[in-house]
$ cat final_30.tsv   # TSV, C-alpha atoms and all ligand atoms
chain	number	residue	atom	x	y	z
A	7	MET	CA	-116.98	-149.03	-13.08
A	8	SER	CA	-118.89	-149.31	-16.34
A	9	HIS	CA	-120.40	-152.70	-17.10
A	10	ARG	CA	-121.96	-151.92	-20.40
A	11	ASN	CA	-120.61	-154.93	-22.31
A	12	ILE	CA	-121.56	-158.51	-21.60
A	13	ILE	CA	-118.57	-160.81	-22.00
A	14	LEU	CA	-118.68	-164.59	-22.20
A	15	ILE	CA	-115.65	-166.56	-21.06
A	16	GLY	CA	-115.06	-170.29	-20.74
A	17	PRO	CA	-113.35	-173.21	-22.41
A	18	MET	CA	-113.67	-174.37	-26.01
A	19	GLY	CA	-117.02	-175.98	-26.62
A	20	SER	CA	-118.74	-174.32	-23.67
A	21	GLY	CA	-121.21	-172.57	-26.01
A	22	LYS	CA	-119.93	-168.98	-25.78
A	23	SER	CA	-120.86	-168.14	-29.38
A	24	THR	CA	-124.24	-169.87	-29.34
A	25	ILE	CA	-125.33	-168.45	-25.99
A	26	GLY	CA	-123.83	-165.04	-26.76
A	27	ASN	CA	-125.77	-164.84	-29.99
A	28	ILE	CA	-129.07	-165.63	-28.29
A	29	ILE	CA	-128.46	-163.15	-25.45
A	30	ALA	CA	-127.54	-160.42	-27.93
A	31	ARG	CA	-130.69	-160.98	-29.98
A	32	ARG	CA	-132.91	-160.97	-26.92
A	33	LEU	CA	-131.34	-157.79	-25.53
A	34	HIS	CA	-131.09	-156.06	-28.92
A	35	ARG	CA	-127.36	-155.71	-28.67
A	36	GLU	CA	-124.62	-156.22	-31.21
A	37	PHE	CA	-122.91	-159.62	-31.00
A	38	GLN	CA	-119.18	-160.05	-31.64
A	39	ASP	CA	-117.07	-163.18	-31.53
A	40	SER	CA	-113.37	-162.65	-30.99
A	41	ASP	CA	-112.18	-165.59	-33.14
A	42	GLN	CA	-114.49	-164.64	-36.00
A	43	PHE	CA	-113.32	-161.05	-35.74
A	44	ILE	CA	-109.68	-162.17	-36.04
A	45	GLU	CA	-110.49	-164.43	-39.00
A	46	LYS	CA	-112.31	-161.64	-40.80
A	47	ARG	CA	-109.45	-159.23	-40.16
A	48	THR	CA	-106.70	-161.54	-41.33
A	49	GLY	CA	-108.63	-163.34	-44.05
A	50	VAL	CA	-107.40	-166.73	-42.81
A	51	ASP	CA	-108.65	-169.15	-40.21
A	52	ILE	CA	-107.32	-169.55	-36.66
A	53	ALA	CA	-105.54	-172.81	-37.51
A	54	ARG	CA	-103.58	-171.05	-40.26
A	55	ILE	CA	-102.58	-168.24	-37.89
A	56	PHE	CA	-101.24	-170.83	-35.43
A	57	ASP	CA	-99.35	-172.52	-38.31
A	58	ILE	CA	-97.71	-169.36	-39.56
A	59	GLU	CA	-97.26	-167.25	-36.43
A	60	GLY	CA	-97.42	-169.80	-33.64
A	61	GLU	CA	-99.57	-169.50	-30.53
A	62	GLN	CA	-97.80	-166.28	-29.43
A	63	GLY	CA	-98.66	-164.62	-32.73
A	64	PHE	CA	-102.27	-165.65	-32.31
A	65	ARG	CA	-102.34	-164.38	-28.70
A	66	ASP	CA	-101.05	-160.99	-29.85
A	67	ARG	CA	-103.84	-160.79	-32.40
A	68	GLU	CA	-106.31	-161.88	-29.75
A	69	SER	CA	-105.21	-159.15	-27.33
A	70	ASN	CA	-105.55	-156.55	-30.09
A	71	ALA	CA	-108.98	-157.87	-31.04
A	72	LEU	CA	-110.15	-157.56	-27.44
A	73	ILE	CA	-108.95	-153.96	-27.25
A	74	GLU	CA	-110.84	-153.13	-30.41
A	75	LEU	CA	-114.01	-155.03	-29.56
A	76	LEU	CA	-114.15	-153.57	-26.06
A	77	SER	CA	-113.59	-150.01	-27.22
A	78	GLN	CA	-117.37	-149.83	-27.75
A	79	ASP	CA	-120.20	-150.25	-25.26
A	80	ASN	CA	-123.38	-152.31	-25.29
A	81	ARG	CA	-121.99	-155.33	-27.05
A	82	VAL	CA	-122.21	-159.02	-26.24
A	83	ILE	CA	-118.78	-160.53	-26.80
A	84	ALA	CA	-117.76	-164.19	-27.03
A	85	THR	CA	-114.06	-164.57	-26.24
A	86	GLY	CA	-111.68	-167.40	-27.17
A	87	GLY	CA	-111.02	-169.96	-24.44
A	88	GLY	CA	-107.44	-168.76	-23.90
A	89	SER	CA	-108.16	-165.05	-23.90
A	90	VAL	CA	-108.05	-164.94	-20.11
A	91	LEU	CA	-104.41	-166.02	-19.94
A	92	ARG	CA	-102.68	-162.65	-20.25
A	93	LYS	CA	-102.85	-160.29	-17.31
A	94	GLU	CA	-103.42	-157.33	-19.61
A	95	ASN	CA	-106.46	-159.07	-21.13
A	96	GLN	CA	-107.82	-159.94	-17.69
A	97	LYS	CA	-107.61	-156.32	-16.66
A	98	LEU	CA	-109.32	-155.11	-19.82
A	99	LEU	CA	-112.14	-157.66	-19.59
A	100	LYS	CA	-112.78	-156.68	-15.97
A	101	GLN	CA	-112.80	-152.99	-16.75
A	102	ARG	CA	-114.93	-153.15	-19.84
A	103	GLY	CA	-117.65	-155.68	-19.14
A	104	TYR	CA	-119.84	-157.85	-17.02
A	105	ILE	CA	-118.22	-161.27	-17.22
A	106	ILE	CA	-120.14	-164.51	-17.51
A	107	PHE	CA	-118.29	-167.81	-17.14
A	108	LEU	CA	-119.83	-170.82	-18.89
A	109	ASP	CA	-118.71	-173.59	-16.57
A	110	THR	CA	-118.55	-176.78	-18.61
A	111	SER	CA	-117.32	-180.32	-17.99
A	112	VAL	CA	-114.71	-182.00	-20.14
A	113	ASN	CA	-117.34	-184.61	-21.05
A	114	GLN	CA	-119.55	-181.95	-22.53
A	115	GLN	CA	-116.61	-180.36	-24.32
A	116	MET	CA	-115.70	-183.75	-25.77
A	117	SER	CA	-119.22	-184.39	-27.00
A	118	ARG	CA	-119.12	-181.07	-28.84
A	119	LEU	CA	-115.54	-181.12	-30.04
A	120	ALA	CA	-114.66	-184.77	-30.56
A	121	ARG	CA	-114.22	-184.40	-34.30
A	122	ASP	CA	-113.14	-180.76	-34.32
A	123	LYS	CA	-110.54	-179.85	-36.92
A	124	LYS	CA	-110.56	-176.09	-36.44
A	125	ARG	CA	-108.96	-175.81	-33.03
A	126	PRO	CA	-105.20	-176.18	-33.22
A	127	LEU	CA	-104.84	-177.03	-29.54
A	128	LEU	CA	-107.01	-180.12	-30.03
A	129	GLN	CA	-105.10	-181.60	-32.95
A	130	THR	CA	-103.27	-184.02	-30.70
A	131	GLU	CA	-103.28	-187.75	-29.97
A	132	ASN	CA	-105.36	-187.27	-26.86
A	133	PRO	CA	-107.74	-184.31	-27.02
A	134	ARG	CA	-109.47	-185.28	-23.77
A	135	GLU	CA	-106.22	-185.07	-21.87
A	136	ARG	CA	-105.49	-181.71	-23.47
A	137	LEU	CA	-108.90	-180.36	-22.47
A	138	GLU	CA	-108.41	-181.62	-18.91
A	139	THR	CA	-105.03	-179.92	-18.61
A	140	LEU	CA	-106.31	-176.65	-20.06
A	141	LEU	CA	-109.34	-176.65	-17.77
A	142	GLN	CA	-107.19	-177.32	-14.73
A	143	GLU	CA	-104.97	-174.38	-15.59
A	144	ARG	CA	-107.71	-172.00	-16.62
A	145	ARG	CA	-110.77	-172.76	-14.48
A	146	PRO	CA	-109.37	-170.84	-11.46
A	147	ILE	CA	-108.83	-167.83	-13.72
A	148	TYR	CA	-112.34	-168.05	-15.21
A	149	LEU	CA	-113.81	-168.27	-11.70
A	150	ASP	CA	-111.76	-165.39	-10.44
A	151	LEU	CA	-112.78	-163.11	-13.31
A	152	ALA	CA	-116.45	-164.04	-13.40
A	153	ASP	CA	-119.24	-161.77	-12.18
A	154	LEU	CA	-121.58	-164.67	-12.86
A	155	ALA	CA	-120.72	-168.37	-13.27
A	156	VAL	CA	-123.27	-170.76	-14.77
A	157	LYS	CA	-123.11	-174.53	-15.17
A	158	THR	CA	-123.91	-175.46	-18.73
A	159	ASP	CA	-124.11	-179.24	-18.66
A	160	LYS	CA	-127.24	-180.89	-20.05
A	161	ARG	CA	-128.94	-177.54	-20.51
A	162	ALA	CA	-130.46	-176.34	-23.77
A	163	ALA	CA	-128.91	-173.14	-25.10
A	164	ARG	CA	-132.15	-171.18	-25.11
A	165	ARG	CA	-133.01	-172.08	-21.54
A	166	LEU	CA	-129.51	-171.26	-20.40
A	167	ALA	CA	-129.55	-167.90	-22.19
A	168	ALA	CA	-132.91	-167.05	-20.60
A	169	ASP	CA	-131.57	-168.00	-17.15
A	170	ILE	CA	-128.52	-165.82	-17.65
A	171	ILE	CA	-130.62	-162.86	-18.73
A	172	ASN	CA	-132.74	-163.27	-15.59
A	173	GLN	CA	-129.64	-163.05	-13.45
A	174	LEU	CA	-128.14	-159.97	-15.10
A	175	PRO	CA	-128.03	-156.73	-13.12
A	176	ASP	CA	-130.82	-154.30	-14.03
A	177	ASN	CA	-128.52	-151.84	-15.78
A	178	LEU	CA	-127.66	-154.48	-18.40
A	179	THR	CA	-131.13	-155.56	-19.50
B	1	LIG	C1	-108.44	-171.46	-27.82
B	1	LIG	C2	-109.80	-171.43	-28.02
B	1	LIG	C3	-110.42	-171.15	-29.33
B	1	LIG	C4	-109.47	-170.32	-30.20
B	1	LIG	C5	-108.12	-170.97	-30.29
B	1	LIG	C6	-107.47	-171.15	-28.92
B	1	LIG	C7	-107.93	-171.78	-26.47
B	1	LIG	O1	-111.64	-170.42	-29.14
B	1	LIG	O2	-109.36	-169.01	-29.72
B	1	LIG	O3	-108.29	-172.20	-30.95
B	1	LIG	O4	-106.76	-171.46	-26.18
B	1	LIG	O5	-108.70	-172.33	-25.65
B	1	LIG	P1	-113.02	-171.10	-28.61
B	1	LIG	O6	-112.98	-171.07	-27.11
B	1	LIG	O7	-114.07	-170.22	-29.15
B	1	LIG	O8	-113.08	-172.48	-29.14
$ encode --input "final_30.tsv" --output "C-alpha cells"
Amino acid sequence: MSHRNIILIGPMGSGKSTIGNIIARRLHREFQDSDQFIEKRTGVDIARIFDIEGEQGFRDRESNALIELLSQDNRVIATGGGSVLRKENQKLLKQRGYIIFLDTSVNQQMSRLARDKKRPLLQTENPRERLETLLQERRPIYLDLADLAVKTDKRAARRLAADIINQLPDNLT
C-alpha cells in the first residue's frame, strides 16, 4: 500500500491546519487544506455552502475535494473534522495516505473555537454540547483510521509537529 501522503484528521480546533503546515514546511512537501480548497473552488466560504446547499451538499463537495487532493502523492493534507464520516472517504484516506489523528479534548477545542463564526455546526446555543456529541460519534472513527494518534492538549504546535515527524515511518521523511 502506498503511504506517500500525510493526512491529518481530528475534530474542529485540533490544529490540523497549523500542524499540517509546519510538517509540510519541514518535510518540503506541498500543504493542502480541504476546507480552503473547497472555498477557493467555489469562491464562497464554508458557512455559505451550508446555507445554500445544506450539510449534504457540503459533504459531496468535501468527498470530491478529497478525491482530487489525494490524486497526487507527497502532500500533507489537513481534512475537515467531518470528512471521516462517509465510508467512501474512509476507504480513500486509508488507501492514499498515512493518517495522523490529532486527539484533542473538548476543553481545548472550546478555548480555540469559543467565538468562532465560521463553522456552521457551532452556531448553536450550546457549542460545547455540540462538540461533545460530535466527538463521541467521531472519536471511534478517528481512532480506527489512524496510523498514529497524538494527544494535542497543552502542547505547542512546533513541538507537536516535531514529535510527529520523529514518529513517522522512514519512507515518509
Ligand atoms: C466540520 C469541520 C470543519 C468544516 C465544516 C464541518 C465538521 O473543518 O469542514 O465546518 O463536520 O466537523 P475543521 O475541522 O477544519 O474545522
$ residues_near_point --input "final_30.tsv" --point "(-118.2, -156.4, -22.2)" --cutoff "6 Å" --atoms "all atoms listed in the file" --output "ChimeraX atom specification"
/A:11-13,102-104
$ residues_near_ligand --input "final_30.tsv" --ligand "ligand LIG 1 (chain B)" --cutoff "6 Å" --atoms "all atoms listed in the file" --output "list in words"
Pro17, Met18, Gly19, Asp41, Gly86, Gly87, Gly88, Arg125 and Pro126 of chain A
$ residues_around --input "final_30.tsv" --residues "region 139-149 of chain A" --least-positions-apart "5" --cutoff "7 Å" --atoms "only C-alpha atoms" --output "count of residues only"
3
$ closest_residue --input "final_30.tsv" --among "A:Asp169, A:Asp66, A:Glu45, A:Glu36" --to "Gln78 (chain A)" --atoms "all atoms listed in the file"
A:Glu36
$ closest_residue --input "final_30.tsv" --among "A:Val90, A:Ala84, A:Leu151, A:Ser111" --to "Ile28 (chain A)" --atoms "all atoms listed in the file"
A:Ala84
$ residues_around --input "final_30.tsv" --residues "Ser77 (chain A)" --least-positions-apart "3" --cutoff "10 Å" --atoms "all atoms listed in the file" --output "ChimeraX atom specification"
/A:11,71-74,81,98,102
$ residues_near_point --input "final_30.tsv" --point "(-128.0, -163.4, -14.4)" --cutoff "9 Å" --atoms "all atoms listed in the file" --output "list in words"
Ile106, Leu154, Ala155, Val156, Ala168, Asp169, Ile170, Ile171, Asn172, Gln173, Leu174 and Pro175 of chain A
$ closest_residue --input "final_30.tsv" --among "A:Ser89, A:Val82, A:Arg65, A:Asp51" --to "Arg32 (chain A)" --atoms "all atoms listed in the file"
A:Val82
$ closest_residue --input "final_30.tsv" --among "A:Gln101, A:Leu178, A:Ser117, A:Arg67" --to "Gln42 (chain A)" --atoms "only C-alpha atoms"
A:Arg67
$ atom_distance --input "final_30.tsv" --atom1 "CA of Asn177 (chain A)" --atom2 "CA of Arg92 (chain A)"
28.4 Å
$ atom_distance --input "final_30.tsv" --atom1 "CA of Arg164 (chain A)" --atom2 "CA of Leu33 (chain A)"
13.4 Å
$ closest_residue --input "final_30.tsv" --among "A:Ala167, A:Ile55, A:Ile29, A:Leu128" --to "Met116 (chain A)" --atoms "all atoms listed in the file"
A:Leu128
$ closest_residue --input "final_30.tsv" --among "A:Ile52, A:Ile105, A:Ala120, A:Leu99" --to "Ala152 (chain A)" --atoms "only C-alpha atoms"
A:Ile105
